[in-house]
$ cat work-v6.cif   # mmCIF, C-alpha atoms
data_my_file
loop_
_atom_site.label_atom_id
_atom_site.label_comp_id
_atom_site.auth_asym_id
_atom_site.auth_seq_id
_atom_site.Cartn_x
_atom_site.Cartn_y
_atom_site.Cartn_z
CA MET L 1 82.53 68.98 95.46
CA LYS L 2 81.60 68.16 91.87
CA ALA L 3 82.39 71.45 90.10
CA LYS L 4 85.29 71.33 87.64
CA LEU L 5 84.90 74.69 85.87
CA THR L 6 84.53 78.19 87.31
CA LEU L 7 83.98 81.71 85.99
CA GLY L 8 85.73 85.04 86.43
CA ASN L 9 89.31 83.80 86.93
CA ASN L 10 88.27 82.03 90.13
CA VAL L 11 89.84 78.78 91.30
CA ILE L 12 88.25 76.49 93.87
CA VAL L 13 90.82 75.07 96.27
CA LYS L 14 90.36 72.59 99.11
CA LEU L 15 92.59 73.77 101.93
CA ASP L 16 94.93 71.49 103.84
CA PRO L 17 94.12 70.89 107.54
CA ASP L 18 94.47 73.84 109.94
CA ASN L 19 97.92 74.79 111.23
CA LYS L 20 97.17 74.04 114.85
CA MET L 21 100.47 72.32 115.50
CA ILE L 22 104.12 72.92 114.72
CA LYS L 23 106.79 70.27 114.60
CA THR L 24 110.22 71.09 115.98
CA ARG L 25 113.46 69.86 114.40
CA SER L 26 113.69 67.27 117.17
CA GLY L 27 110.28 65.89 116.18
CA LEU L 28 108.34 67.37 119.11
CA GLN L 29 104.80 68.49 118.21
CA LEU L 30 103.47 71.65 119.85
CA TYR L 31 99.96 73.09 119.75
CA VAL L 32 99.85 76.81 118.91
CA ASP L 33 97.39 79.62 119.62
CA THR L 34 96.34 80.55 116.09
CA SER L 35 94.36 83.56 117.34
CA PHE L 36 97.66 85.37 117.99
CA GLU L 37 99.03 86.83 114.73
CA PRO L 38 96.49 84.76 112.76
CA GLU L 39 97.98 85.76 109.40
CA LYS L 40 101.04 83.65 110.22
CA HIS L 41 98.94 80.54 110.77
CA VAL L 42 96.75 80.74 107.68
CA VAL L 43 96.79 77.51 105.68
CA ARG L 44 98.58 78.43 102.46
CA ILE L 45 98.53 75.06 100.68
CA GLY L 46 95.62 73.21 99.11
CA THR L 47 94.37 71.08 96.24
CA VAL L 48 92.71 72.52 93.13
CA GLU L 49 89.16 71.25 92.58
CA ALA L 50 87.89 73.58 89.83
CA VAL L 51 89.49 76.02 87.37
CA PRO L 52 88.26 78.59 84.82
CA LYS L 53 88.18 77.52 81.19
CA GLU L 54 90.29 80.56 80.33
CA LEU L 55 91.70 83.65 82.02
CA ILE L 56 90.07 87.00 81.27
CA TYR L 57 92.39 89.99 80.85
CA HIS L 58 91.88 93.50 79.47
CA HIS L 59 94.88 95.82 79.50
CA GLY L 60 94.38 98.95 81.56
CA LYS L 61 91.02 97.86 82.97
CA SER L 62 90.22 96.69 86.47
CA GLY L 63 90.26 92.98 87.08
CA TYR L 64 93.14 90.66 86.34
CA PRO L 65 96.43 92.52 87.01
CA TRP L 66 98.46 90.75 84.33
CA LYS L 67 98.18 88.55 81.27
CA THR L 68 99.51 85.06 81.79
CA THR L 69 99.02 81.46 80.73
CA MET L 70 96.55 79.12 82.43
CA GLU L 71 98.77 76.46 84.01
CA LEU L 72 96.50 74.88 86.62
CA LYS L 73 94.48 71.71 86.38
CA VAL L 74 92.18 69.90 88.78
CA GLY L 75 94.19 67.92 91.32
CA ASP L 76 97.21 70.25 91.42
CA ARG L 77 98.69 71.03 94.81
CA VAL L 78 99.23 74.78 95.13
CA VAL L 79 100.63 77.40 97.49
CA MET L 80 98.77 80.73 97.72
CA TYR L 81 98.98 84.31 99.01
CA PHE L 82 98.05 84.29 102.70
CA LEU L 83 96.20 87.63 102.73
CA ALA L 84 94.02 86.53 99.81
CA ILE L 85 93.15 83.36 101.73
CA GLN L 86 92.30 85.41 104.82
CA ASN L 87 89.99 87.56 102.72
CA CYS L 88 88.30 84.47 101.28
CA LEU L 89 87.59 83.25 104.82
CA ARG L 90 85.92 86.47 105.97
CA PRO L 91 82.21 85.72 106.62
CA GLU L 92 81.00 88.80 104.75
CA ARG L 93 82.85 87.75 101.58
CA LYS L 94 81.00 84.43 101.26
CA THR L 95 83.84 82.92 99.23
CA TYR L 96 84.35 79.81 101.35
CA TRP L 97 82.32 76.87 102.60
CA ARG L 98 82.87 74.03 105.01
CA GLU L 99 81.76 70.44 105.39
CA GLY L 100 82.92 68.98 108.68
CA ASN L 101 86.64 69.71 109.00
CA THR L 102 87.11 70.40 105.28
CA THR L 103 87.25 73.96 103.93
CA TRP L 104 87.05 75.13 100.32
CA ILE L 105 87.76 78.65 99.07
CA SER L 106 87.15 80.44 95.79
CA ILE L 107 90.36 82.38 95.14
CA LYS L 108 91.49 84.47 92.17
CA TYR L 109 94.03 82.79 89.91
CA HIS L 110 96.54 85.63 90.34
CA ASN L 111 96.72 84.93 94.09
CA ILE L 112 98.23 81.49 93.52
CA TYR L 113 102.02 81.39 93.61
CA ALA L 114 103.00 77.94 92.46
CA ILE L 115 102.19 74.31 91.77
CA ILE L 116 103.83 71.88 94.19
CA LEU L 117 105.17 68.82 92.36
CA ASP L 118 106.66 65.63 93.83
CA LYS L 119 110.28 66.78 93.55
CA ASP L 120 109.94 70.30 92.22
CA ILE L 121 108.07 73.60 92.52
CA GLN L 122 106.57 75.27 89.46
CA PRO L 123 105.83 78.97 90.05
CA ILE L 124 103.00 80.45 87.98
CA ASN L 125 101.77 84.01 87.42
CA GLY L 126 105.29 85.11 86.51
CA TYR L 127 106.60 84.46 90.02
CA LEU L 128 110.17 83.67 91.02
CA PHE L 129 111.02 81.94 94.29
CA VAL L 130 114.29 83.20 95.74
CA GLU L 131 116.35 82.17 98.75
CA PRO L 132 117.49 85.08 100.94
CA VAL L 133 121.26 85.61 100.88
CA GLU L 134 123.69 88.01 102.51
CA ASP L 135 124.75 91.24 100.82
CA PRO L 136 127.57 90.08 98.47
CA GLU L 137 129.53 93.29 99.07
CA PHE L 138 129.40 92.76 102.83
CA LEU L 139 130.69 89.20 102.37
CA ARG L 140 133.47 90.46 100.11
CA MET L 141 134.59 92.99 102.70
CA GLN L 142 134.35 90.35 105.42
CA LYS L 143 136.75 88.10 103.51
CA GLU L 144 139.08 91.02 102.89
CA TYR L 145 139.20 91.79 106.62
CA GLU L 146 139.88 88.11 107.37
CA ARG L 147 142.71 88.10 104.82
CA ILE L 148 144.54 90.83 106.70
CA GLY L 149 143.80 89.30 110.10
CA MET L 150 141.02 91.63 111.19
CA GLU L 151 137.39 91.08 112.16
CA GLN L 152 134.69 93.15 110.52
CA VAL L 153 132.10 94.61 112.90
CA ASP L 154 128.56 94.52 111.52
CA THR L 155 127.03 97.93 112.29
CA ARG L 156 124.29 97.75 109.67
CA ASP L 157 120.64 98.42 110.50
CA LEU L 158 118.96 96.19 107.91
CA SER L 159 115.51 97.51 108.83
CA LYS L 160 116.49 100.84 107.27
CA THR L 161 117.70 99.48 103.96
CA ASP L 162 115.53 99.66 100.85
CA VAL L 163 116.81 96.48 99.24
CA THR L 164 117.45 92.84 100.04
CA TYR L 165 119.28 90.04 98.24
CA GLY L 166 118.28 86.60 97.05
CA LYS L 167 119.26 83.71 94.82
CA ILE L 168 116.73 82.49 92.26
CA LYS L 169 115.77 78.89 93.04
CA TYR L 170 112.53 78.40 91.07
CA ALA L 171 111.25 80.44 88.13
CA GLY L 172 107.88 80.64 86.42
CA LYS L 173 107.18 81.76 82.87
CA PRO L 174 107.31 85.54 82.30
CA ASN L 175 103.94 87.28 82.26
CA GLN L 176 102.91 88.52 78.84
CA ASP L 177 101.54 91.91 79.88
CA TYR L 178 100.61 94.01 82.92
CA ALA L 179 97.63 96.26 83.51
CA ASP L 180 100.14 98.68 85.05
CA ASP L 181 102.13 100.24 82.20
CA TYR L 182 105.15 100.64 84.47
CA LYS L 183 105.59 96.90 84.90
CA SER L 184 107.03 94.41 82.44
CA ASP L 185 108.71 91.00 82.35
CA GLN L 186 110.15 91.50 78.89
CA PHE L 187 113.45 93.18 79.76
CA HIS L 188 114.94 90.67 82.17
CA ASP L 189 117.50 87.98 81.47
CA GLU L 190 117.67 86.02 84.70
CA TYR L 191 118.53 82.37 85.34
CA LEU L 192 118.29 79.87 88.17
CA GLY L 193 121.10 80.49 90.61
CA ASP L 194 121.43 84.20 89.85
CA THR L 195 121.86 86.56 92.80
CA VAL L 196 119.46 89.47 92.53
CA VAL L 197 118.79 92.75 94.31
CA MET L 198 115.11 93.17 95.22
CA LYS L 199 112.85 95.84 96.61
CA ARG L 200 112.57 95.09 100.32
CA ILE L 201 108.81 95.68 100.47
CA ARG L 202 108.31 92.90 97.90
CA ASP L 203 110.25 90.16 99.70
CA ILE L 204 107.14 88.36 100.98
CA PRO L 205 107.80 84.88 102.41
CA VAL L 206 105.96 82.09 100.61
CA GLU L 207 105.26 80.37 103.95
CA TYR L 208 105.50 81.27 107.63
CA GLU L 209 108.66 79.63 108.95
CA TYR L 210 107.00 77.52 111.66
CA HIS L 211 104.58 75.97 109.17
CA ALA L 212 106.90 75.82 106.15
CA LYS L 213 106.48 72.58 104.21
CA ILE L 214 107.55 73.08 100.62
CA ASP L 215 111.20 72.71 99.59
CA ASP L 216 111.93 70.95 102.90
CA GLY L 217 110.86 74.01 104.86
CA SER L 218 113.37 76.37 103.24
CA LYS L 219 112.76 80.09 103.56
CA LEU L 220 111.68 81.37 100.17
CA TYR L 221 110.55 84.80 99.00
CA ARG L 222 108.16 85.27 96.11
CA ILE L 223 108.81 88.11 93.69
CA GLN L 224 108.07 88.96 90.09
CA ARG L 225 110.64 90.05 87.54
CA HIS L 226 109.71 93.72 87.78
CA ASP L 227 110.69 93.59 91.47
CA ILE L 228 114.32 92.93 90.49
CA LEU L 229 116.51 96.02 90.67
CA ALA L 230 119.73 94.34 89.53
CA ILE L 231 121.26 90.95 88.73
CA LEU L 232 124.65 90.70 90.42
CA ASN L 233 125.85 87.54 88.73
CA ASN L 234 124.52 85.67 85.75
CA SER L 235 124.68 81.89 86.17
CA TYR L 236 124.20 81.25 82.46
CA GLY L 237 127.02 83.46 81.32
CA GLY L 238 129.34 82.50 84.17
#
$ encode --input "work-v6.cif" --output "structure tokens"
Amino acid sequence: MKAKLTLGNNVIVKLDPDNKMIKTRSGLQLYVDTSFEPEKHVVRIGTVEAVPKELIYHHGKSGYPWKTTMELKVGDRVVMYFLAIQNCLRPERKTYWREGNTTWISIKYHNIYAIILDKDIQPINGYLFVEPVEDPEFLRMQKEYERIGMEQVDTRDLSKTDVTYGKIKYAGKPNQDYADDYKSDQFHDEYLGDTVVMKRIRDIPVEYEYHAKIDDGSKLYRIQRHDILAILNNSYGG
């Protein structure tokens, strides 16, 4: 690969080796059948080998879904949206190529979640990485029951709830504009450590748990600011 620049908001990424094995907490390595639920075994991490000179955006027109800052450079390690990677690898799309055991894909910039640094994670494209947490109100009631010597019975059916909760762990820069007029990053005042209420359908895991590598394998959801329904506590203001 010698290309360093691309066109049309495309980024060329060399994928990490296939996820054919998982490593248990005890250190045991197990081979897995990646043909079963293949979306869970898609390689989501790779190294950037070419980037566009600039990002093209036209409000209200098809193409790039939001206006943001180009933050990638050649050599960056990145984590990407698994469905976009799957689409890149479809033979009819012709957006991948292989040499031996090495695979490259041409993926749109907006399908890249974050840059993986040595001791940090830098979300891009306006993304926030949040850790899932328990419903604060449920925890409050649980403590109240314990205070009076009773045990709270959990009768909730979480699959029927419309929201979920998380704590902001990593935050990217707000996007400057959205092609969808109903979305905006300009009316949020969130900080690292804040507990937020999110739309459940938007709580997409950054990595599949058995192959999780970034942040020591922690479970992280990726959302954007317009996915936040409420901020329950503000870490900056106390």
$ resolve_selection --input "work-v6.cif" --expression "the PyMOL selection byres ((chain L and resi 171-173) around 6)" --output "list in words"
Pro123, Ile124, Gly126, Tyr127, Leu128, Tyr170 and Pro174 of chain L
$ closest_residue --input "work-v6.cif" --among "L:Ile214, L:Asp177, L:Glu37, L:Val206" --to "His226 in chain L" --atoms "all atoms listed in the file"
L:Asp177
$ closest_residue --input "work-v6.cif" --among "L:Leu117, L:Ala50, L:Val11, L:Ile112" --to "Arg222 in chain L" --atoms "all atoms listed in the file"
L:Ile112
$ resolve_selection --input "work-v6.cif" --expression "the PyMOL selection byres ((chain L and resi 181) around 12)" --output "list of chain:residue names"
L:His59, L:Gly60, L:Lys61, L:Pro65, L:Trp66, L:Asp177, L:Tyr178, L:Ala179, L:Asp180, L:Tyr182, L:Lys183, L:Ser184, L:Asp185, L:His226
$ write_last_selection --input "work-v6.cif" --atoms "C-alpha atoms" --output "short mmCIF file (atom, residue, chain, number, x, y, z; two decimals), keeping the file's coordinate frame"
data_model
loop_
_atom_site.label_atom_id
_atom_site.label_comp_id
_atom_site.auth_asym_id
_atom_site.auth_seq_id
_atom_site.Cartn_x
_atom_site.Cartn_y
_atom_site.Cartn_z
CA HIS L 59 94.88 95.82 79.50
CA GLY L 60 94.38 98.95 81.56
CA LYS L 61 91.02 97.86 82.97
CA PRO L 65 96.43 92.52 87.01
CA TRP L 66 98.46 90.75 84.33
CA ASP L 177 101.54 91.91 79.88
CA TYR L 178 100.61 94.01 82.92
CA ALA L 179 97.63 96.26 83.51
CA ASP L 180 100.14 98.68 85.05
CA TYR L 182 105.15 100.64 84.47
CA LYS L 183 105.59 96.90 84.90
CA SER L 184 107.03 94.41 82.44
CA ASP L 185 108.71 91.00 82.35
CA HIS L 226 109.71 93.72 87.78
#
$ atom_distance --input "work-v6.cif" --atom1 "CA of Ser106 in chain L" --atom2 "CA of Asn10 in chain L"
6.0 Å
$ atom_distance --input "work-v6.cif" --atom1 "CA of Lys143 in chain L" --atom2 "CA of Glu190 in chain L"
26.9 Å
$ resolve_selection --input "work-v6.cif" --expression "the PyMOL selection byres ((chain L and resi 102) around 8)" --output "compact mmCIF listing (two decimals) with C-alpha atoms, in the coordinates of the input"
# COMPACT_ATOMS: atom_id res chain seq x y z
CA LYS L 14 90.36 72.59 99.11
CA LEU L 15 92.59 73.77 101.93
CA PRO L 17 94.12 70.89 107.54
CA ARG L 98 82.87 74.03 105.01
CA GLU L 99 81.76 70.44 105.39
CA GLY L 100 82.92 68.98 108.68
CA ASN L 101 86.64 69.71 109.00
CA THR L 103 87.25 73.96 103.93
CA TRP L 104 87.05 75.13 100.32
$ atom_distance --input "work-v6.cif" --atom1 "CA of Gly8 in chain L" --atom2 "CA of Cys88 in chain L"
15.1 Å
$ closest_residue --input "work-v6.cif" --among "L:Asp216, L:Asp189, L:Glu39, L:Asp120" --to "Ala84 in chain L" --atoms "all atoms listed in the file"
L:Glu39
$ closest_residue --input "work-v6.cif" --among "L:Ala212, L:Met150, L:Leu55, L:Ile204" --to "Leu83 in chain L" --atoms "all atoms listed in the file"
L:Ile204
$ closest_residue --input "work-v6.cif" --among "L:Glu131, L:Glu49, L:Glu71, L:Glu151" --to "Asp194 in chain L" --atoms "all atoms listed in the file"
L:Glu131
$ closest_residue --input "work-v6.cif" --among "L:Leu28, L:Leu7, L:Ile116, L:Ile148" --to "Gly75 in chain L" --atoms "only C-alpha atoms"
L:Ile116
$ residues_near_point --input "work-v6.cif" --point "(90.6, 86.2, 80.9)" --cutoff "10 Å" --atoms "only C-alpha atoms" --output "JSON, numbers by chain"
{"L": [7, 8, 9, 52, 53, 54, 55, 56, 57, 58, 63, 64, 66, 67, 68, 69, 70]}
$ residues_around --input "work-v6.cif" --residues "Met80 in chain L" --least-positions-apart "4" --cutoff "6 Å" --atoms "all atoms listed in the file" --output "CSV table (one decimal) with C-alpha atoms, in the frame of the given file"
chain,number,residue,atom,x,y,z
L,44,ARG,CA,98.6,78.4,102.5
L,111,ASN,CA,96.7,84.9,94.1
L,112,ILE,CA,98.2,81.5,93.5
L,113,TYR,CA,102.0,81.4,93.6
$ residues_around --input "work-v6.cif" --residues "Val130 in chain L" --least-positions-apart "2" --cutoff "7 Å" --atoms "all atoms listed in the file" --output "ChimeraX atom specification"
/L:128,132,166-170,220-222
